[in-house]
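Q: One structure is given below, represented as structure tokens, and several questions about it will come after.
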Amino acid sequence: MTADFLKDLNPVQLQAVKCVEGPELVLAGAGSGKTKVLTYRVAYLVSIGVPLHNILCLTFTNKAANEMRTRINKMLGVEESGKRSYGSWIGTFHSLFGKILRVESKRIGYDQNFSIYDEDDSLRKVKEILRERNLSEDVYAPAAIRARISKLKNSVILPSQFEQSAKSRLDEVTADVYTTYEDRLKKGNAMDFDDLLIKPILLFNRDREALDKYQNRFRFLLVDEYQDTNRAQYVLLKLLAEKHRNLCVVGDDAQSIYSWRGAELQNILDFQTDYPNCKVFRLEQNYRSTGKILKAANSIIVHNKRKLDKELWTENLDGEKLTVIESENDRDEGYKIVQKIRDESIKDKLQLKDFVVLYRTNYQSRALEEAFNRGGIPYVIVGGLAFYKRKEIKDLLAYLRLVVNPLDDESFIRAVNFPPRGIGDVTIEYLRDFAADQGTSLFNAANRAGEIGQIQQRQRGQLRLFCGLIEKYSRLKDGLSLSELTRTISDELQVIRLLKEEGTPEARNRIENIQEFLVGIAEFQSDNPQGTLQEFLSEVTLVADVDRWDTQRNAVTLMTVHAAKGLEFPVVFVSGLEEGLFPLPAKEQDELEEERRLFYVAVTRAEKKVYLSHTRERYRFGKLSFQTPSRFLSEIESNLLDRERSSRQTAQRALWEATGTFSQLAPSLDHVDGATEEEAAKQPEHKEGRSIPKLKVGSIVHHQFFGDGKVIDMLGKGDNERVVVLFGANQKKQLMVRYANLRLVK
DNA sequence: TTAATTTGCACCTAC
DNA sequence: TGCAAATTAA
């Protein structure tokens, strides 16, 4: 193939792409074509004869990975036959090393079907251990201990090492809990997120042969967002790159915003000393933002001390000044943002998806959401409570996890009393004692409940039924497809019927979530015909909410600044720019500098226009508190700012208040919290929205997985519209029209 | 054992 | 304010 695609690179980008051998550091400012360099570099490597499977490309989110995979496939002219066929070499650290661990599990004493614990699961384990030791949760906050353990693991400090360096009583307790925690996870054939990074290190250190294999396989390493790597990721890269030394990292120290989960800014600051003969390229030309936005961003970041030298410039037009909006309170802030979006979308012919509203903390989304509902502007919230963390979904997942890995005690505890079977804390405690005594799992203990004297007859019966159920599903799992199995479980547990009986809005919401979950499984299956249950479970645990974000939908996006990293929008609103909120209270200089980088990230998302919003008063902890403008606002050169003062209540706003109260009574607005993308946009789709077929009872439709079927019933309306479709002889499915991607056949 | 009620705390982000 | 844990009643 020819490499004439290289002509759309600027000189520095071109050099960075064509530098093939040896370590390479690409310092890429915001909007300077970082992703472009990475994708073009992969394409270039392939064009000079490097086989794709010799390239490993690591990103921080699945979204970034998918985007790059698509772009690269396109450049290489690779057909996208089944999303994954050419994609095994690109992904997040966690997912790729998770896959390697599945293959190599035996070498580190794990079974191939290990469970992956999320933070909630780990936290439960930590609590369990503290309780066993009679340690007060008031003195030893479980969440703090869990965070410390996670930090230790991210820093590649093993329990034995930490034990020796323990200085305080808290250290001793942490060391003790850490040791037991590791032991429990191993016994339960489970790993937490951090294990997915630290276990490969242990494997490679211990097993030369394994390291050799992967060093040879991944002869070219590319890493995105290098400034956000932690110690474990750093060590992992060092090990893999040792032999061929072809490590190319791309990042921007000014955008390092994850120190709280162990990211070490030092990694990127030290790259040149770690790899002395490395080539360094600086991408300083910005293609995204207007001149004024860029000047403002630069004037913010100069206030930081700890950084590499770099100043972004652009050939783009100067553009408009940044507008500072002052509001009376958080409600007023929402109102003003909604008004601005209305005006601008008409005036500048912008679509709703061109706007994003950013905030520092998730709770701020509530007030904004209310404003969007009242204003009738479709919106999408990204983040918040991730889909797969919702109770009803985790409960169902617990069954699947237990079927795959019967040693998984956390999943046992979840599943055994869902729906309620009269198995409570007391019975669990008896099972725990027995299991500990026999050195076995809770599931095994439950199977032998007859041998445990303290357990009541009634509970024994229930446990027997439960174990029978799990065993039945284990037998069924090879005969049924993934979605059939899940549907069988959810049908037999009668979860939907039980929720229907509850009849509350929350219950209805849960039913919808469960239905969406079932559709999600069907989609996974059609994307991955060979995909196993265990692969589905890993994927589910490792997706972020941004990954599920549908960028095609024509709605305003609401998200945290963290979630917005790597994204761009024509118009950006940064809300809540007040002391104590953005920046959040910082104890140390480093923390304040990270808040400033976060603000820098927020501003540099914008292409054309930035609004910076702050309020005089805001509800915090349920009561009104006085707010002062963020120091960051005064750090921006004042000739770049326009200020819009808070004005007294206008007639227009009074009308808004009145209609707002009124429309709150309307049934379509009766949901309050926990809203995310699937329930958020209450308005009909605008012109650009995904085309949704007009269905009626009797229509023949095609589903990519289930095939052709006949619509026999329709429920709900708007975004909640669902259809019951009869596929084949008697396979009835209820699908959400918005997600099922049905094609109207007749 | 569970459901109902009160209390207590958080508003720090996410693979 | 809004949720989760703790406490009490049934």
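In the structure tokens, chains take letters A, B, ... by order of appearance, with residues numbered from 1 within each chain and ligands from 1 in the order shown.
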When DSSP is applied to the backbone of this structure, which of segment 459-619 of chain A are assigned strand (DSSP E)? Write them out as a list in words.

A: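 For segment 459-619 of chain A, the strand (DSSP E) set is Val556, Thr557, Leu558, Met559, Thr560, Phe569, Pro570, Val571, Val572, Phe573, Val574, Ala606, Glu607, Lys608, Lys609, Val610, Tyr611, Leu612, Ser613, His614, Thr615, Glu617, Arg618 and Tyr619 of chain A.
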
Q: Show me a table, sorted first by chain and then by increasing residue number, of the residues of chain B having an atom at most 7 Å from chain A, each with its shortest atom pair and the distance in Å to one decimal, counting only C-alpha atoms (C1' of nucleotides) and written as a tab-separated table.

A:
residue	atom	partner	partner_atom	distance
B:DT1	C1'	A:Gly422	CA	6.2
B:DC11	C1'	A:Tyr363	CA	6.6
B:DT13	C1'	A:His562	CA	6.4
B:DC15	C1'	A:Leu542	CA	6.5

Q: Can you list every residue in segment 367-412 of chain A that DSSP puts in alpha helix (DSSP H), as a PDB file with C-alpha atoms, in the first residue's frame?

A:
ATOM      1  CA  ALA A 367     -30.127  21.319  39.090  1.00  0.00           C
ATOM      2  CA  LEU A 368     -29.072  21.481  35.453  1.00  0.00           C
ATOM      3  CA  GLU A 369     -31.260  18.552  34.570  1.00  0.00           C
ATOM      4  CA  GLU A 370     -34.252  20.243  36.081  1.00  0.00           C
ATOM      5  CA  ALA A 371     -33.598  23.327  33.982  1.00  0.00           C
ATOM      6  CA  PHE A 372     -33.349  21.302  30.789  1.00  0.00           C
ATOM      7  CA  ASN A 373     -36.556  19.478  31.595  1.00  0.00           C
ATOM      8  CA  ARG A 374     -38.390  22.710  32.220  1.00  0.00           C
ATOM      9  CA  GLY A 375     -36.946  24.328  29.159  1.00  0.00           C
ATOM     10  CA  LYS A 391     -28.729  -2.621  41.769  1.00  0.00           C
ATOM     11  CA  GLU A 392     -31.101  -4.549  39.550  1.00  0.00           C
ATOM     12  CA  ILE A 393     -28.396  -5.081  36.937  1.00  0.00           C
ATOM     13  CA  LYS A 394     -25.744  -6.084  39.443  1.00  0.00           C
ATOM     14  CA  ASP A 395     -28.165  -8.541  41.007  1.00  0.00           C
ATOM     15  CA  LEU A 396     -28.754 -10.258  37.684  1.00  0.00           C
ATOM     16  CA  LEU A 397     -25.060 -10.150  36.867  1.00  0.00           C
ATOM     17  CA  ALA A 398     -24.372 -11.855  40.192  1.00  0.00           C
ATOM     18  CA  TYR A 399     -26.222 -14.948  38.949  1.00  0.00           C
ATOM     19  CA  LEU A 400     -24.209 -15.018  35.763  1.00  0.00           C
ATOM     20  CA  ARG A 401     -20.967 -14.500  37.639  1.00  0.00           C
ATOM     21  CA  LEU A 402     -21.787 -17.239  40.079  1.00  0.00           C
ATOM     22  CA  VAL A 403     -22.585 -19.635  37.243  1.00  0.00           C
ATOM     23  CA  VAL A 404     -19.217 -18.877  35.647  1.00  0.00           C
ATOM     24  CA  ASP A 409     -18.467 -15.223  47.358  1.00  0.00           C
ATOM     25  CA  GLU A 410     -19.475 -11.628  46.662  1.00  0.00           C
ATOM     26  CA  SER A 411     -21.737 -12.754  43.856  1.00  0.00           C
ATOM     27  CA  PHE A 412     -23.149 -15.511  46.031  1.00  0.00           C
TER      28      PHE A 412
END

Q: In Å, rounded to a single decimal, give me how far atom CA of Val697 of chain A is from atom CA of Val725 of chain A.

A: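 Interatomic distance, atom CA of Val725 of chain A to atom CA of Val697 of chain A: 9.2 Å.
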
Q: Please report as a PyMOL selection string which residues of chain C come no farther than 12 Å from chain A, using only C-alpha atoms (C1' of nucleotides).

A: chain C and resi 1-3+5

Q: Find the residues around DT7 of chain C up to 10 Å (only C-alpha atoms (C1' of nucleotides) counted), leave out those fewer than 6 positions away in its own chain, and share them as an MDAnalysis selection string.

A: chainID B and resid 5:7
